[in-house]
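One file, upload_0.txt, is given below (compact mmCIF, N, CA and C atoms).
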# COMPACT_ATOMS: atom_id res chain seq x y z
N MET A 21 -190.25 42.92 41.64
CA MET A 21 -189.06 42.70 42.43
C MET A 21 -187.93 43.62 41.96
N GLN A 22 -187.77 43.75 40.64
CA GLN A 22 -186.70 44.58 40.10
C GLN A 22 -186.93 46.05 40.45
N LYS A 23 -188.20 46.47 40.46
CA LYS A 23 -188.53 47.85 40.81
C LYS A 23 -188.19 48.13 42.28
N THR A 24 -188.49 47.17 43.15
CA THR A 24 -188.18 47.32 44.57
C THR A 24 -186.67 47.39 44.78
N THR A 25 -185.93 46.53 44.11
CA THR A 25 -184.48 46.53 44.21
C THR A 25 -183.92 47.85 43.70
N SER A 26 -184.45 48.35 42.61
CA SER A 26 -184.00 49.63 42.06
C SER A 26 -184.26 50.77 43.03
N ARG A 27 -185.43 50.77 43.68
CA ARG A 27 -185.74 51.82 44.67
C ARG A 27 -184.82 51.73 45.87
N LEU A 28 -184.56 50.51 46.32
CA LEU A 28 -183.66 50.32 47.46
C LEU A 28 -182.26 50.82 47.13
N MET A 29 -181.74 50.48 45.97
CA MET A 29 -180.41 50.92 45.57
C MET A 29 -180.36 52.44 45.45
N SER A 30 -181.40 53.02 44.91
CA SER A 30 -181.46 54.48 44.81
C SER A 30 -181.45 55.11 46.19
N ARG A 31 -182.19 54.52 47.11
CA ARG A 31 -182.25 55.03 48.48
C ARG A 31 -180.90 54.93 49.16
N LEU A 32 -180.19 53.82 48.95
CA LEU A 32 -178.88 53.62 49.59
C LEU A 32 -177.81 54.55 49.05
N ARG A 33 -178.02 55.10 47.85
CA ARG A 33 -177.03 56.01 47.26
C ARG A 33 -177.14 57.43 47.80
N ARG A 34 -178.20 57.72 48.52
CA ARG A 34 -178.37 59.06 49.08
C ARG A 34 -177.27 59.33 50.11
N ASP A 35 -177.16 60.59 50.49
CA ASP A 35 -176.12 60.96 51.43
C ASP A 35 -176.70 61.45 52.76
N ASP A 36 -177.87 60.94 53.13
CA ASP A 36 -178.46 61.33 54.41
C ASP A 36 -178.11 60.29 55.47
N ALA A 37 -178.48 60.59 56.71
CA ALA A 37 -178.09 59.74 57.84
C ALA A 37 -178.64 58.31 57.72
N ARG A 38 -179.87 58.15 57.25
CA ARG A 38 -180.44 56.80 57.15
C ARG A 38 -179.69 55.95 56.14
N ALA A 39 -179.38 56.51 54.99
CA ALA A 39 -178.64 55.76 53.98
C ALA A 39 -177.22 55.47 54.47
N GLN A 40 -176.60 56.45 55.12
CA GLN A 40 -175.26 56.23 55.67
C GLN A 40 -175.27 55.13 56.74
N LEU A 41 -176.29 55.13 57.58
CA LEU A 41 -176.37 54.09 58.61
C LEU A 41 -176.54 52.71 57.98
N ALA A 42 -177.35 52.61 56.94
CA ALA A 42 -177.52 51.33 56.26
C ALA A 42 -176.20 50.86 55.65
N ARG A 43 -175.46 51.78 55.03
CA ARG A 43 -174.16 51.42 54.46
C ARG A 43 -173.16 51.08 55.57
N PHE A 44 -173.24 51.79 56.69
CA PHE A 44 -172.37 51.53 57.84
C PHE A 44 -172.57 50.10 58.34
N VAL A 45 -173.82 49.69 58.46
CA VAL A 45 -174.14 48.33 58.92
C VAL A 45 -173.66 47.29 57.91
N ALA A 46 -173.85 47.57 56.62
CA ALA A 46 -173.40 46.64 55.58
C ALA A 46 -171.88 46.48 55.61
N VAL A 47 -171.16 47.59 55.75
CA VAL A 47 -169.70 47.53 55.84
C VAL A 47 -169.29 46.75 57.09
N GLY A 48 -169.98 46.96 58.19
CA GLY A 48 -169.69 46.21 59.41
C GLY A 48 -169.87 44.71 59.20
N GLY A 49 -170.89 44.33 58.48
CA GLY A 49 -171.10 42.91 58.17
C GLY A 49 -169.96 42.34 57.34
N ILE A 50 -169.53 43.09 56.34
CA ILE A 50 -168.41 42.65 55.50
C ILE A 50 -167.14 42.51 56.34
N ALA A 51 -166.90 43.50 57.20
CA ALA A 51 -165.71 43.46 58.06
C ALA A 51 -165.76 42.27 59.02
N ASN A 52 -166.93 41.95 59.53
CA ASN A 52 -167.06 40.81 60.43
C ASN A 52 -166.78 39.49 59.72
N VAL A 53 -167.21 39.38 58.47
CA VAL A 53 -166.92 38.17 57.69
C VAL A 53 -165.41 38.05 57.48
N LEU A 54 -164.75 39.16 57.14
CA LEU A 54 -163.29 39.13 56.97
C LEU A 54 -162.61 38.74 58.28
N TYR A 55 -163.06 39.33 59.39
CA TYR A 55 -162.49 38.98 60.70
C TYR A 55 -162.59 37.47 60.92
N ALA A 56 -163.77 36.91 60.70
CA ALA A 56 -163.97 35.48 60.94
C ALA A 56 -163.06 34.63 60.06
N LEU A 57 -162.92 35.02 58.78
CA LEU A 57 -162.05 34.27 57.88
C LEU A 57 -160.60 34.30 58.35
N VAL A 58 -160.11 35.49 58.71
CA VAL A 58 -158.72 35.61 59.18
C VAL A 58 -158.54 34.83 60.48
N PHE A 59 -159.51 34.95 61.38
CA PHE A 59 -159.42 34.24 62.66
C PHE A 59 -159.33 32.73 62.44
N VAL A 60 -160.19 32.20 61.59
CA VAL A 60 -160.19 30.76 61.33
C VAL A 60 -158.89 30.33 60.65
N LEU A 61 -158.44 31.12 59.68
CA LEU A 61 -157.20 30.76 58.98
C LEU A 61 -155.98 30.77 59.90
N LEU A 62 -155.98 31.64 60.91
CA LEU A 62 -154.82 31.76 61.80
C LEU A 62 -155.04 31.13 63.17
N ALA A 63 -156.12 30.40 63.35
CA ALA A 63 -156.46 29.82 64.65
C ALA A 63 -155.36 28.92 65.19
N ASP A 64 -154.61 28.26 64.32
CA ASP A 64 -153.54 27.37 64.78
C ASP A 64 -152.42 28.14 65.49
N LEU A 65 -152.34 29.45 65.27
CA LEU A 65 -151.33 30.27 65.94
C LEU A 65 -151.74 30.61 67.36
N GLY A 66 -153.00 30.36 67.70
CA GLY A 66 -153.53 30.71 69.01
C GLY A 66 -154.60 31.78 68.87
N SER A 67 -155.47 31.87 69.87
CA SER A 67 -156.60 32.79 69.76
C SER A 67 -156.18 34.25 69.81
N THR A 68 -155.16 34.58 70.59
CA THR A 68 -154.75 35.99 70.67
C THR A 68 -154.16 36.50 69.36
N PRO A 69 -153.19 35.80 68.76
CA PRO A 69 -152.68 36.29 67.46
C PRO A 69 -153.77 36.29 66.38
N ALA A 70 -154.61 35.27 66.38
CA ALA A 70 -155.69 35.22 65.38
C ALA A 70 -156.67 36.38 65.59
N ASN A 71 -156.99 36.68 66.83
CA ASN A 71 -157.89 37.79 67.15
C ASN A 71 -157.28 39.11 66.71
N LEU A 72 -156.01 39.34 67.05
CA LEU A 72 -155.35 40.59 66.69
C LEU A 72 -155.26 40.76 65.17
N ALA A 73 -154.89 39.70 64.47
CA ALA A 73 -154.80 39.78 63.01
C ALA A 73 -156.17 40.02 62.39
N GLY A 74 -157.18 39.33 62.89
CA GLY A 74 -158.53 39.53 62.38
C GLY A 74 -159.04 40.92 62.65
N ALA A 75 -158.80 41.42 63.86
CA ALA A 75 -159.25 42.76 64.22
C ALA A 75 -158.54 43.82 63.37
N LEU A 76 -157.24 43.65 63.18
CA LEU A 76 -156.47 44.62 62.40
C LEU A 76 -156.92 44.65 60.94
N THR A 77 -156.98 43.49 60.30
CA THR A 77 -157.35 43.47 58.88
C THR A 77 -158.79 43.93 58.67
N SER A 78 -159.70 43.51 59.53
CA SER A 78 -161.09 43.92 59.34
C SER A 78 -161.28 45.40 59.63
N SER A 79 -160.53 45.93 60.59
CA SER A 79 -160.63 47.36 60.89
C SER A 79 -160.09 48.21 59.74
N VAL A 80 -158.96 47.82 59.18
CA VAL A 80 -158.40 48.56 58.05
C VAL A 80 -159.39 48.57 56.88
N LEU A 81 -159.96 47.41 56.58
CA LEU A 81 -160.93 47.34 55.49
C LEU A 81 -162.16 48.19 55.80
N ALA A 82 -162.70 48.06 57.02
CA ALA A 82 -163.90 48.82 57.38
C ALA A 82 -163.65 50.32 57.32
N ASN A 83 -162.50 50.77 57.82
CA ASN A 83 -162.20 52.20 57.79
C ASN A 83 -162.16 52.73 56.35
N GLU A 84 -161.55 51.96 55.47
CA GLU A 84 -161.48 52.39 54.06
C GLU A 84 -162.85 52.36 53.40
N LEU A 85 -163.62 51.32 53.65
CA LEU A 85 -164.96 51.25 53.06
C LEU A 85 -165.86 52.35 53.62
N HIS A 86 -165.71 52.68 54.90
CA HIS A 86 -166.49 53.79 55.45
C HIS A 86 -166.08 55.10 54.78
N ARG A 87 -164.80 55.28 54.55
CA ARG A 87 -164.32 56.49 53.89
C ARG A 87 -164.88 56.58 52.47
N ARG A 88 -164.82 55.48 51.74
CA ARG A 88 -165.24 55.50 50.33
C ARG A 88 -166.75 55.39 50.15
N LEU A 89 -167.37 54.44 50.83
CA LEU A 89 -168.77 54.12 50.57
C LEU A 89 -169.75 54.75 51.56
N THR A 90 -169.52 54.52 52.83
CA THR A 90 -170.47 54.96 53.83
C THR A 90 -170.61 56.48 53.84
N PHE A 91 -169.48 57.19 53.83
CA PHE A 91 -169.51 58.63 53.98
C PHE A 91 -169.03 59.40 52.75
N SER A 92 -168.71 58.70 51.66
CA SER A 92 -168.27 59.33 50.41
C SER A 92 -167.26 60.44 50.68
N ALA A 93 -166.19 60.10 51.39
CA ALA A 93 -165.23 61.11 51.84
C ALA A 93 -163.86 61.00 51.19
N THR A 94 -163.76 60.33 50.04
CA THR A 94 -162.44 60.13 49.44
C THR A 94 -161.77 61.44 49.07
N GLY A 95 -162.51 62.44 48.69
CA GLY A 95 -161.91 63.73 48.35
C GLY A 95 -161.59 64.59 49.55
N ARG A 96 -162.13 64.24 50.71
CA ARG A 96 -161.96 65.06 51.91
C ARG A 96 -161.04 64.43 52.95
N VAL A 97 -160.99 63.11 52.97
CA VAL A 97 -160.26 62.39 54.01
C VAL A 97 -159.28 61.44 53.33
N THR A 98 -158.03 61.49 53.74
CA THR A 98 -157.03 60.58 53.16
C THR A 98 -157.15 59.19 53.78
N TRP A 99 -156.50 58.23 53.15
CA TRP A 99 -156.49 56.87 53.67
C TRP A 99 -155.92 56.85 55.08
N LEU A 100 -154.81 57.56 55.29
CA LEU A 100 -154.17 57.58 56.61
C LEU A 100 -155.07 58.22 57.66
N GLU A 101 -155.73 59.30 57.33
CA GLU A 101 -156.66 59.93 58.28
C GLU A 101 -157.79 58.97 58.66
N ALA A 102 -158.31 58.27 57.67
CA ALA A 102 -159.39 57.31 57.94
C ALA A 102 -158.91 56.20 58.86
N GLN A 103 -157.69 55.72 58.63
CA GLN A 103 -157.15 54.66 59.49
C GLN A 103 -156.91 55.17 60.91
N TRP A 104 -156.40 56.37 61.02
CA TRP A 104 -156.11 56.96 62.33
C TRP A 104 -157.41 57.16 63.12
N GLU A 105 -158.38 57.81 62.50
CA GLU A 105 -159.63 58.11 63.20
C GLU A 105 -160.45 56.85 63.44
N GLY A 106 -160.63 56.05 62.41
CA GLY A 106 -161.41 54.82 62.55
C GLY A 106 -160.72 53.81 63.45
N GLY A 107 -159.40 53.71 63.34
CA GLY A 107 -158.65 52.78 64.18
C GLY A 107 -158.71 53.16 65.65
N GLY A 108 -158.62 54.44 65.91
CA GLY A 108 -158.73 54.90 67.30
C GLY A 108 -160.09 54.57 67.88
N LEU A 109 -161.13 54.76 67.08
CA LEU A 109 -162.47 54.43 67.53
C LEU A 109 -162.64 52.92 67.74
N ALA A 110 -162.03 52.12 66.87
CA ALA A 110 -162.10 50.67 67.02
C ALA A 110 -161.39 50.22 68.31
N LEU A 111 -160.24 50.83 68.61
CA LEU A 111 -159.53 50.49 69.85
C LEU A 111 -160.36 50.88 71.07
N ALA A 112 -160.99 52.02 71.01
CA ALA A 112 -161.86 52.44 72.12
C ALA A 112 -163.00 51.45 72.31
N GLY A 113 -163.54 50.95 71.22
CA GLY A 113 -164.61 49.96 71.29
C GLY A 113 -164.15 48.65 71.91
N MET A 114 -162.94 48.22 71.52
CA MET A 114 -162.40 46.99 72.10
C MET A 114 -162.15 47.18 73.59
N ALA A 115 -161.67 48.35 73.98
CA ALA A 115 -161.45 48.63 75.40
C ALA A 115 -162.77 48.62 76.17
N ALA A 116 -163.80 49.21 75.59
CA ALA A 116 -165.12 49.25 76.25
C ALA A 116 -165.66 47.84 76.44
N THR A 117 -165.52 46.99 75.44
CA THR A 117 -166.00 45.62 75.54
C THR A 117 -165.22 44.85 76.60
N THR A 118 -163.92 45.03 76.63
CA THR A 118 -163.08 44.35 77.61
C THR A 118 -163.44 44.77 79.03
N VAL A 119 -163.60 46.07 79.24
CA VAL A 119 -163.96 46.59 80.57
C VAL A 119 -165.34 46.05 80.98
N ALA A 120 -166.29 46.08 80.05
CA ALA A 120 -167.64 45.59 80.36
C ALA A 120 -167.60 44.12 80.76
N LEU A 121 -166.86 43.30 80.03
CA LEU A 121 -166.77 41.88 80.37
C LEU A 121 -166.09 41.67 81.72
N ASP A 122 -165.02 42.42 81.98
CA ASP A 122 -164.34 42.30 83.28
C ASP A 122 -165.27 42.67 84.43
N ARG A 123 -165.99 43.76 84.28
CA ARG A 123 -166.94 44.20 85.33
C ARG A 123 -168.06 43.18 85.51
N PHE A 124 -168.55 42.68 84.40
CA PHE A 124 -169.64 41.70 84.44
C PHE A 124 -169.19 40.45 85.19
N ASP A 125 -167.97 39.98 84.87
CA ASP A 125 -167.45 38.78 85.55
C ASP A 125 -167.28 39.02 87.04
N ALA A 126 -166.90 40.24 87.42
CA ALA A 126 -166.75 40.56 88.84
C ALA A 126 -168.11 40.62 89.54
N LEU A 127 -169.12 41.13 88.85
CA LEU A 127 -170.45 41.27 89.45
C LEU A 127 -171.26 39.98 89.40
N VAL A 128 -171.07 39.20 88.33
CA VAL A 128 -171.85 37.97 88.14
C VAL A 128 -170.89 36.83 87.81
N PRO A 129 -170.15 36.38 88.83
CA PRO A 129 -169.19 35.29 88.55
C PRO A 129 -169.89 34.01 88.12
N GLY A 130 -169.25 33.30 87.21
CA GLY A 130 -169.80 32.04 86.74
C GLY A 130 -170.96 32.19 85.77
N SER A 131 -171.13 33.37 85.20
CA SER A 131 -172.24 33.57 84.25
C SER A 131 -172.00 32.77 82.97
N SER A 132 -173.06 32.52 82.27
CA SER A 132 -173.02 31.67 81.09
C SER A 132 -172.39 32.38 79.89
N ALA A 133 -171.98 31.58 78.92
CA ALA A 133 -171.45 32.13 77.68
C ALA A 133 -172.51 32.96 76.97
N ALA A 134 -173.76 32.53 77.05
CA ALA A 134 -174.85 33.28 76.42
C ALA A 134 -174.99 34.67 77.05
N ALA A 135 -174.81 34.75 78.36
CA ALA A 135 -174.86 36.05 79.03
C ALA A 135 -173.71 36.94 78.57
N HIS A 136 -172.53 36.35 78.42
CA HIS A 136 -171.38 37.11 77.93
C HIS A 136 -171.63 37.61 76.50
N LEU A 137 -172.16 36.74 75.67
CA LEU A 137 -172.45 37.14 74.29
C LEU A 137 -173.50 38.25 74.23
N ALA A 138 -174.51 38.15 75.08
CA ALA A 138 -175.53 39.21 75.13
C ALA A 138 -174.91 40.53 75.54
N LEU A 139 -174.02 40.50 76.52
CA LEU A 139 -173.35 41.73 76.95
C LEU A 139 -172.48 42.29 75.83
N VAL A 140 -171.72 41.43 75.18
CA VAL A 140 -170.87 41.89 74.07
C VAL A 140 -171.73 42.50 72.97
N ALA A 141 -172.85 41.87 72.65
CA ALA A 141 -173.74 42.41 71.62
C ALA A 141 -174.27 43.78 72.02
N LEU A 142 -174.65 43.93 73.27
CA LEU A 142 -175.16 45.22 73.76
C LEU A 142 -174.09 46.30 73.70
N VAL A 143 -172.91 46.00 74.21
CA VAL A 143 -171.82 46.98 74.21
C VAL A 143 -171.37 47.29 72.79
N THR A 144 -171.25 46.26 71.97
CA THR A 144 -170.84 46.47 70.58
C THR A 144 -171.85 47.32 69.83
N GLY A 145 -173.12 47.09 70.07
CA GLY A 145 -174.16 47.91 69.45
C GLY A 145 -174.07 49.37 69.87
N ALA A 146 -173.87 49.60 71.16
CA ALA A 146 -173.73 50.97 71.66
C ALA A 146 -172.47 51.63 71.09
N VAL A 147 -171.37 50.89 71.09
CA VAL A 147 -170.12 51.42 70.53
C VAL A 147 -170.29 51.70 69.04
N GLY A 148 -170.99 50.82 68.34
CA GLY A 148 -171.23 51.02 66.91
C GLY A 148 -171.99 52.30 66.64
N LEU A 149 -173.01 52.60 67.45
CA LEU A 149 -173.75 53.85 67.27
C LEU A 149 -172.87 55.06 67.53
N VAL A 150 -172.04 54.99 68.57
CA VAL A 150 -171.12 56.09 68.86
C VAL A 150 -170.10 56.22 67.73
N ARG A 151 -169.60 55.09 67.25
CA ARG A 151 -168.63 55.09 66.15
C ARG A 151 -169.24 55.68 64.88
N PHE A 152 -170.48 55.31 64.60
CA PHE A 152 -171.17 55.87 63.43
C PHE A 152 -171.26 57.39 63.54
N ALA A 153 -171.69 57.88 64.69
CA ALA A 153 -171.83 59.34 64.88
C ALA A 153 -170.47 60.03 64.78
N ALA A 154 -169.44 59.42 65.38
CA ALA A 154 -168.11 60.03 65.35
C ALA A 154 -167.53 60.04 63.94
N LEU A 155 -167.66 58.94 63.22
CA LEU A 155 -167.15 58.91 61.84
C LEU A 155 -167.96 59.81 60.93
N ARG A 156 -169.25 59.89 61.16
CA ARG A 156 -170.09 60.79 60.36
C ARG A 156 -169.61 62.22 60.54
N TRP A 157 -169.23 62.57 61.77
CA TRP A 157 -168.71 63.91 62.04
C TRP A 157 -167.31 64.06 61.43
N ALA A 158 -166.43 63.07 61.64
CA ALA A 158 -165.05 63.16 61.16
C ALA A 158 -164.96 63.20 59.64
N PHE A 159 -165.86 62.48 58.96
CA PHE A 159 -165.82 62.39 57.50
C PHE A 159 -166.77 63.37 56.82
N ARG A 160 -167.36 64.27 57.58
CA ARG A 160 -168.36 65.18 57.03
C ARG A 160 -167.75 66.12 56.00
N ALA A 161 -168.61 66.59 55.13
CA ALA A 161 -168.20 67.59 54.16
C ALA A 161 -168.05 68.92 54.88
N PRO A 162 -167.04 69.70 54.51
CA PRO A 162 -166.90 71.00 55.16
C PRO A 162 -168.10 71.89 54.82
N ALA A 163 -168.39 72.79 55.73
CA ALA A 163 -169.49 73.72 55.51
C ALA A 163 -169.14 74.62 54.33
N GLY A 164 -170.14 74.97 53.58
CA GLY A 164 -169.95 75.86 52.44
C GLY A 164 -169.59 77.26 52.90
N PRO A 165 -169.19 78.10 51.96
CA PRO A 165 -168.83 79.47 52.32
C PRO A 165 -170.04 80.25 52.84
N VAL A 166 -169.77 81.10 53.76
CA VAL A 166 -170.83 81.96 54.32
C VAL A 166 -171.00 83.16 53.41
N THR A 167 -172.22 83.40 53.00
CA THR A 167 -172.47 84.55 52.14
C THR A 167 -173.28 85.57 52.91
N ALA A 168 -173.00 86.82 52.65
CA ALA A 168 -173.71 87.89 53.35
C ALA A 168 -174.97 88.29 52.65
Give the structure from this file in structure tokens form.
Amino acid sequence: MQKTTSRLMSRLRRDDARAQLARFVAVGGIANVLYALVFVLLADLGSTPANLAGALTSSVLANELHRRLTFSATGRVTWLEAQWEGGGLALAGMAATTVALDRFDALVPGSSAAAHLALVALVTGAVGLVRFAALRWAFRAPAGPVTA
């Protein structure tokens, strides 16, 4: 068991796309837990303020963890750049989910909560893949010098 864990940790420390994707998913899980905690703690203020606070705090944490852990970009990307780029992508994702739900409700009125959740999962998954690719590009290491 210890050997398997050691191999897994070694694999996750690599800087290739598969290891980055695994770290991206792990950071997303951590951010979702933080979102849920903030949402529950602020639920008495109403769902909209709780949602906004949860989304903001989890996005800030996720952007920083992606900068530091997922893409190892602390020397290349500042905290503010990570927040700007990652935050913009998070807003685009929220807009995509909102539009998808609005369209779905117009096309399939009275659909179940399970159908809504399935749609959100599908859109969120697609947005997550686009966000991963965009952040991987934004946080990439600059190309080395060209030698003749």
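Every residue within 12 Å of the file position (-167.4, 40.5, 54.4), judged by only C-alpha atoms, is given as Val45, Ala46, Val47, Gly48, Gly49, Ile50, Ala51, Asn52, Val53, Leu54, Tyr55, Ala56, Leu57, Val58, Gly74, Thr77, Ser78, Ser79, Leu81, Ala82 and Leu85 of chain A.
Atom pair atom N of Gly145 (chain A) / CA of Arg96 (chain A): separated by 27.9 Å.
What separates atom N of Ser30 (chain A) from atom C of Phe91 (chain A) is a distance of 16.0 Å.
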DSSP-assigned helix (DSSP H, G or I) members of region 53-116 of chain A, reported as a VMD selection string: chain A and resid 53 to 61 63 to 65 67 to 90 99 to 116
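You will find CA of Ala133 (chain A) at 11.1 Å from CA of Leu121 (chain A).
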12 Å contact set for Phe159 (chain A), only C-alpha atoms, chain neighbours under 2 positions out, as JSON, numbers by chain: {"A": [40, 83, 84, 86, 87, 88, 89, 90, 91, 92, 93, 94, 95, 96, 97, 98, 99, 101, 102, 103, 105, 106, 151, 152, 153, 154, 155, 156, 157, 161, 162]}
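Among the candidates A:Ala120, A:Leu76, A:Met21, A:Val60, the one nearest to Leu139 (chain A) when counting only C-alpha atoms is A:Ala120.
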